[in-house]
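Enquirer: So that we are looking at the same thing, I have put the structure below in structure tokens.
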Amino acid sequence: MFNKILIANRGEIALRVIRTCKEMGIKTVAVYSEADRDSMHTMFADEAVCIGPYSSSESYLKIPNILSAASITGAEAIHPGYGFLAENAEFSEICEESNIKFIGPSPDMIRKMGDKAFAKSTMRKVGVPVVPGSDGVISNADEAKKIAEEVGYPVLLKASAGGGGKGMRIVKAESELHKQFQAASNEAQAAFGNPDMYLEKFIENPRHVEIQIMGDSHGNVYAYGERDCSIQRRHQKLIEETPSPIISSATREKMEKAAILGAKSVNYEGAGTVEFLVDKYQNFYFIEMNTRIQVEHPITEMVQNIDLIKNQIIVASGGEIEDPPRVPIGHCFEFRINAEDPDFNFRPSPGKIEMIHFPGGFGIRNDSHAYSGYTIPPYYDSLIGKLIVWGVDRSHAISRAKRAFEEFLIKGVKTTIPFHQKVLENKDFLNSNYDTSFIEKNFK
Ligand code: MV4
């Protein structure tokens, strides 16, 4: 096992990793930008190294600075958290070459799964259901036209280097296809330095359900149930829950089997998420695989009674992960508390938190780096924390969430708390009658 881990991240996820390291008896090194001098992760790690000015590109994304910090502190491994360098193949590769264990997938795996058209084609070949469309990249608009005719309009053009909703174009009719293909491809070239596109049938108002998996170097791959992440706004998730209220146990079993099949076929190691779209008939289709720990991982931890970060560290050190019962107990929600004003189109509201009081009691978990007097810098994401609420079933968790929000006080910045309180009164939400269009429909 490692003696010392460097956490190449900030905010709540840096703190989350530090907590598990402490519980495992592993020393921790925080890195911080000049804007994060007073940040909680900087204070709670055993050592902290300043890696540059406020700008991410000069600090949290600056590979030489992070490796220098690892070298001078003698850290043997680096946990990247999510975002920043978590899915950067070059970083994973340079860590490998520097004899520092990257707690995440190999550079090769990051490249394979980061190429969305290739990932989809790989999954299709081993029998994982995928959205009907092109098998891999399409080279021109004429080819796109042929495939669109086969699967039927509307279709979606997706950038192969995109993901998470970036670089997508809906095409409703053949007459638009040529123009849209050129525009989308140019956009992809500008945004990702890669013009490759693939095409899919457009699934109307799907639900977004993802399977948590974990693989180790001994050939084990396990699935830990699903998370329903359909409550999103502009591809930013706001509420996640597990189990998904619309997935039957038969469908769950099929989705888990598909995710394990896909992961095993590429010898996947570490924590991963297999994303599916689910239509109104409970048909599910693979769309992407994420090779990182995700923001919403705690809801899986709560119902499965496991520490996913601990498992990541065990796997990275060559250990074998135990096969837990993997029977979910109860129901869990995550509510993302962002420094944003929901009354003004969720515009960012950084600044000083004059006072913060977190809810507590049975079934409540707060993953947050915020404290009274902390200033949220405007340079990074707006996440103040995650309220994670566990209950014996969905309705119990909802009652508990409502009472938790009554206790949750934040003064000084606008937050998404009032938004969550409105959702908790929404009839469709209460009846589990929602899909990815929920926010658009209800909060215009
Ligand atoms: C789709 C889709 C409909 N049909 N693909 C958006 C994020 C990216 N991971 C995939 N996305 C979508 N892909 C097909 N063939 C609709 C979406 C989509 C979406 C997916 C998940 C969660 C929220 C979403 C919001 C709008 C569109």
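Each chain in the structure tokens gets a letter, A, B and so on, in the order shown; residues start at 1 in every chain, and ligands are counted from 1 in the order they appear.
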At a cut-off of 8 Å, can you tabulate as a tab-separated table every residue of range 14-122 of chain A near range 371-386 of chain A together with its closest atom pair and the distance in Å to one decimal, using only C-alpha atoms and ordering rows by chain then number?
Expert:
```
residue	atom	partner	partner_atom	distance
A:Ala35	CA	A:Pro377	CA	6.8
A:Asp36	CA	A:Pro377	CA	7.9
A:Asp38	CA	A:Tyr374	CA	7.6
A:Ser39	CA	A:Tyr374	CA	7.7
A:Tyr54	CA	A:Tyr379	CA	7.1
A:Ser55	CA	A:Tyr379	CA	6.9
A:Ser56	CA	A:Tyr380	CA	7.7
```
Enquirer: Give as a PyMOL selection string the residues surrounding ligand 1 up to a distance of 9 Å, considering only C-alpha atoms and all ligand atoms.
Expert: chain A and resi 131-133+155-158+162-166+168+170+199-209+229-237+275-277+285+287-288+435-437
Enquirer: Let me see the file: selected residues, N, CA and C atoms, as a short mmCIF file (atom, residue, chain, number, x, y, z; two decimals), in the first residue's frame.
Expert:
```
data_model
loop_
_atom_site.label_atom_id
_atom_site.label_comp_id
_atom_site.auth_asym_id
_atom_site.auth_seq_id
_atom_site.Cartn_x
_atom_site.Cartn_y
_atom_site.Cartn_z
N VAL A 131 -27.17 2.89 -29.13
CA VAL A 131 -28.18 3.61 -29.90
C VAL A 131 -27.94 3.31 -31.38
N PRO A 132 -29.00 2.98 -32.15
CA PRO A 132 -28.83 2.74 -33.59
C PRO A 132 -28.16 3.95 -34.25
N GLY A 133 -27.25 3.67 -35.16
CA GLY A 133 -26.55 4.76 -35.85
C GLY A 133 -25.30 4.25 -36.53
N VAL A 155 -32.09 12.70 -36.19
CA VAL A 155 -30.83 12.07 -35.79
C VAL A 155 -29.98 13.09 -35.03
N LEU A 156 -28.97 12.57 -34.37
CA LEU A 156 -28.08 13.42 -33.59
C LEU A 156 -26.67 13.23 -34.11
N LEU A 157 -26.01 14.34 -34.44
CA LEU A 157 -24.59 14.29 -34.80
C LEU A 157 -23.80 14.56 -33.54
N LYS A 158 -22.85 13.69 -33.25
CA LYS A 158 -22.04 13.86 -32.04
C LYS A 158 -20.56 13.90 -32.39
N GLY A 162 -15.99 14.67 -28.20
CA GLY A 162 -16.83 15.45 -27.27
C GLY A 162 -17.20 14.65 -26.04
N GLY A 163 -18.48 14.52 -25.80
CA GLY A 163 -18.94 13.84 -24.59
C GLY A 163 -19.56 14.84 -23.65
N GLY A 164 -20.46 14.32 -22.82
CA GLY A 164 -21.14 15.18 -21.88
C GLY A 164 -21.97 16.28 -22.53
N GLY A 165 -22.37 16.05 -23.78
CA GLY A 165 -23.27 16.99 -24.43
C GLY A 165 -22.58 18.06 -25.27
N LYS A 166 -21.25 18.08 -25.23
CA LYS A 166 -20.53 19.09 -26.02
C LYS A 166 -20.45 18.64 -27.48
N MET A 168 -22.89 18.52 -29.88
CA MET A 168 -24.01 17.72 -30.42
C MET A 168 -24.92 18.60 -31.29
N ILE A 170 -28.78 18.29 -33.35
CA ILE A 170 -29.96 17.54 -33.79
C ILE A 170 -30.23 17.87 -35.25
N LEU A 199 -22.96 9.39 -35.80
CA LEU A 199 -24.38 9.72 -35.90
C LEU A 199 -25.23 8.70 -35.16
N GLU A 200 -26.28 9.21 -34.51
CA GLU A 200 -27.20 8.33 -33.78
C GLU A 200 -28.64 8.75 -34.02
N LYS A 201 -29.51 7.79 -33.91
CA LYS A 201 -30.93 8.12 -33.86
C LYS A 201 -31.15 8.96 -32.62
N PHE A 202 -31.99 10.00 -32.74
CA PHE A 202 -32.26 10.86 -31.60
C PHE A 202 -33.34 10.23 -30.73
N ILE A 203 -32.98 9.95 -29.48
CA ILE A 203 -33.94 9.36 -28.54
C ILE A 203 -34.65 10.52 -27.84
N GLU A 204 -35.96 10.55 -27.96
CA GLU A 204 -36.73 11.67 -27.43
C GLU A 204 -36.87 11.60 -25.89
N ASN A 205 -36.53 12.69 -25.23
CA ASN A 205 -36.64 12.80 -23.77
C ASN A 205 -36.26 11.52 -23.02
N PRO A 206 -35.01 11.13 -23.15
CA PRO A 206 -34.59 9.90 -22.46
C PRO A 206 -34.34 10.15 -20.98
N ARG A 207 -34.20 9.10 -20.23
CA ARG A 207 -33.63 9.23 -18.90
C ARG A 207 -32.17 8.87 -19.00
N HIS A 208 -31.39 9.48 -18.12
CA HIS A 208 -29.95 9.24 -18.12
C HIS A 208 -29.63 8.39 -16.90
N VAL A 209 -29.28 7.13 -17.15
CA VAL A 209 -29.02 6.21 -16.05
C VAL A 209 -27.63 5.61 -16.25
N CYS A 229 -29.54 10.13 -13.33
CA CYS A 229 -28.99 11.49 -13.37
C CYS A 229 -29.79 12.35 -14.36
N SER A 230 -31.09 12.10 -14.46
CA SER A 230 -31.89 12.78 -15.48
C SER A 230 -32.16 14.23 -15.16
N ILE A 231 -32.04 14.61 -13.87
CA ILE A 231 -32.34 16.02 -13.53
C ILE A 231 -31.11 16.87 -13.77
N GLN A 232 -31.05 17.39 -14.99
CA GLN A 232 -29.91 18.17 -15.45
C GLN A 232 -30.38 19.45 -16.10
N ARG A 233 -29.48 20.41 -16.13
CA ARG A 233 -29.74 21.66 -16.83
C ARG A 233 -28.49 21.98 -17.64
N ARG A 234 -28.66 22.09 -18.94
CA ARG A 234 -27.53 22.32 -19.85
C ARG A 234 -26.37 21.36 -19.56
N HIS A 235 -26.71 20.10 -19.40
CA HIS A 235 -25.74 19.03 -19.16
C HIS A 235 -25.03 19.14 -17.83
N GLN A 236 -25.54 19.99 -16.95
CA GLN A 236 -25.04 20.03 -15.57
C GLN A 236 -26.05 19.31 -14.69
N LYS A 237 -25.59 18.23 -14.06
CA LYS A 237 -26.50 17.50 -13.19
C LYS A 237 -26.79 18.31 -11.93
N GLU A 275 -22.48 4.91 -19.03
CA GLU A 275 -23.68 5.74 -19.18
C GLU A 275 -24.63 5.15 -20.21
N PHE A 276 -25.90 5.14 -19.85
CA PHE A 276 -26.94 4.67 -20.76
C PHE A 276 -28.05 5.70 -20.89
N LEU A 277 -28.68 5.72 -22.05
CA LEU A 277 -29.95 6.42 -22.19
C LEU A 277 -31.04 5.36 -22.06
N TYR A 285 -29.56 2.02 -23.87
CA TYR A 285 -28.54 2.10 -24.91
C TYR A 285 -27.28 2.72 -24.32
N ILE A 287 -24.16 4.94 -24.14
CA ILE A 287 -23.69 6.13 -24.87
C ILE A 287 -22.22 6.46 -24.63
N GLU A 288 -21.78 6.40 -23.38
CA GLU A 288 -20.39 6.77 -23.10
C GLU A 288 -19.90 6.04 -21.87
N ASP A 435 -37.84 13.14 -16.83
CA ASP A 435 -36.77 12.71 -17.73
C ASP A 435 -35.82 13.89 -17.89
N THR A 436 -34.95 13.82 -18.89
CA THR A 436 -33.93 14.86 -19.02
C THR A 436 -34.50 16.24 -19.39
N SER A 437 -35.79 16.30 -19.70
CA SER A 437 -36.39 17.61 -20.03
C SER A 437 -37.08 18.24 -18.82
#
```
Enquirer: Any chance you could tabulate, as CSV, the residues of range 31-50 of chain A at most 9 Å from range 69-92 of chain A with each one's nearest atom pair and distance in Å to one decimal, using only C-alpha atoms, in chain and rising number order?
Expert:
```
residue,atom,partner,partner_atom,distance
A:Val31,CA,A:Ala69,CA,7.4
A:Glu47,CA,A:Thr73,CA,8.0
A:Ala48,CA,A:Ala69,CA,8.8
A:Val49,CA,A:Ala69,CA,6.3
A:Cys50,CA,A:Ala69,CA,8.3
```
Enquirer: Output all heavy atoms of each residue in that selection to a file, as a JSON list (two decimals), in the first residue's frame.
Expert:
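Saved the output as part.json:
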```
[["chain", "number", "residue", "atom", "x", "y", "z"],
["A", 31, "VAL", "N", -2.28, 20.05, -3.21],
["A", 31, "VAL", "CA", -1.70, 21.11, -4.05],
["A", 31, "VAL", "C", -2.75, 22.20, -4.15],
["A", 31, "VAL", "O", -3.95, 21.92, -4.11],
["A", 31, "VAL", "CB", -1.29, 20.60, -5.45],
["A", 31, "VAL", "CG1", -0.14, 19.62, -5.35],
["A", 31, "VAL", "CG2", -2.47, 19.98, -6.18],
["A", 47, "GLU", "N", 0.53, 17.75, 4.16],
["A", 47, "GLU", "CA", 1.43, 18.75, 3.56],
["A", 47, "GLU", "C", 0.66, 19.45, 2.45],
["A", 47, "GLU", "O", -0.25, 18.87, 1.88],
["A", 47, "GLU", "CB", 2.65, 18.07, 2.92],
["A", 47, "GLU", "CG", 3.60, 17.42, 3.89],
["A", 47, "GLU", "CD", 4.60, 16.54, 3.14],
["A", 47, "GLU", "OE1", 5.61, 17.06, 2.65],
["A", 47, "GLU", "OE2", 4.33, 15.33, 3.03],
["A", 48, "ALA", "N", 1.07, 20.67, 2.14],
["A", 48, "ALA", "CA", 0.42, 21.39, 1.05],
["A", 48, "ALA", "C", 1.47, 22.16, 0.26],
["A", 48, "ALA", "O", 2.38, 22.75, 0.83],
["A", 48, "ALA", "CB", -0.63, 22.35, 1.60],
["A", 49, "VAL", "N", 1.36, 22.08, -1.05],
["A", 49, "VAL", "CA", 2.33, 22.74, -1.94],
["A", 49, "VAL", "C", 1.59, 23.68, -2.88],
["A", 49, "VAL", "O", 0.62, 23.27, -3.55],
["A", 49, "VAL", "CB", 3.10, 21.68, -2.78],
["A", 49, "VAL", "CG1", 4.13, 22.36, -3.67],
["A", 49, "VAL", "CG2", 3.76, 20.64, -1.89],
["A", 50, "CYS", "N", 2.03, 24.91, -2.94],
["A", 50, "CYS", "CA", 1.44, 25.88, -3.89],
["A", 50, "CYS", "C", 1.98, 25.55, -5.27],
["A", 50, "CYS", "O", 3.18, 25.39, -5.47],
["A", 50, "CYS", "CB", 1.78, 27.31, -3.49],
["A", 50, "CYS", "SG", 0.98, 28.52, -4.56]]
```
Enquirer: Give me the residues near range 180-188 of chain A as a VMD selection string, where near means some atom within 12 Å (using only C-alpha atoms) and where sequence neighbours in that chain fewer than 4 positions away do not count.
Expert: chain A and resid 137 to 145 148 155 to 163 165 to 176 192 to 199
Enquirer: So, counting only C-alpha atoms, which residue among A:Gln212, A:Thr251, A:Thr242, A:Gln312 is closest to Thr273 in chain A?
Expert: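 Looking only at the distances to Thr273 in chain A, the closest residue turns out to be A:Gln212.
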Enquirer: Would you return as a PyMOL selection string the members of range 45-228 of chain A that DSSP assigns to strand (DSSP E) on this structure's backbone?
Expert: chain A and resi 47-52+77-79+101-102+155-163+166-171+197-201+207-215+221-228
Enquirer: Between CA of Ser217 in chain A and CA of Ala263 in chain A, measure the distance and give it in Å to one decimal.
Expert: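 So the answer is 12.5 Å.
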Enquirer: I'd like the contact shell of Glu340 in chain A - 8 Å cut-off, only C-alpha atoms, skipping same-chain residues fewer than 3 positions apart - returned as a ChimeraX atom specification.
Expert: /A:346-350,382,413-416
Enquirer: Based on the backbone DSSP call, show me all residues of range 89-308 of chain A assigned helix (DSSP H, G or I), as a VMD selection string.
Expert: chain A and resid 89 to 97 107 to 114 116 to 125 141 to 151 174 to 192 249 to 265 297 to 304 308
Enquirer: Set the distance at 8 Å and use only C-alpha atoms: which residues neighbour Phe358 in chain A once local chain neighbours fewer than 6 positions away are removed? I'd like the list as a VMD selection string.
Expert: chain A and resid 366 407 to 409
Enquirer: Within 10 Å of Asn442 in chain A, counting only C-alpha atoms, which residues show up once you throw out same-chain ones fewer than 3 positions away? Write them as a list in words, please.
Expert: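 Here the qualifying residues turn out to be Lys422, Val423, Asn426, Asp428, Ser437, Phe438 and Ile439 of chain A.
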Enquirer: Which residues come within 12 Å of Thr42 in chain A, counting only C-alpha atoms, excluding same-chain residues fewer than 4 positions away, as an MDAnalysis selection string?
Expert: chainID A and resid 6:12 14:15 18 28:38 46:51 369
Enquirer: Which value, in Å to one decimal, gives the distance between CA of Arg403 in chain A and CA of Glu425 in chain A?
Expert: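 Here the two named atoms are 12.4 Å from each other.
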Enquirer: From the options A:Glu241, A:Glu256, A:Glu23, A:Glu149, which residue's atoms come nearest to Val128 in chain A, counting only C-alpha atoms?
Expert: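 Checking each of A:Glu241, A:Glu256, A:Glu23, A:Glu149 against Val128 in chain A, counting only C-alpha atoms, the winner is A:Glu256.
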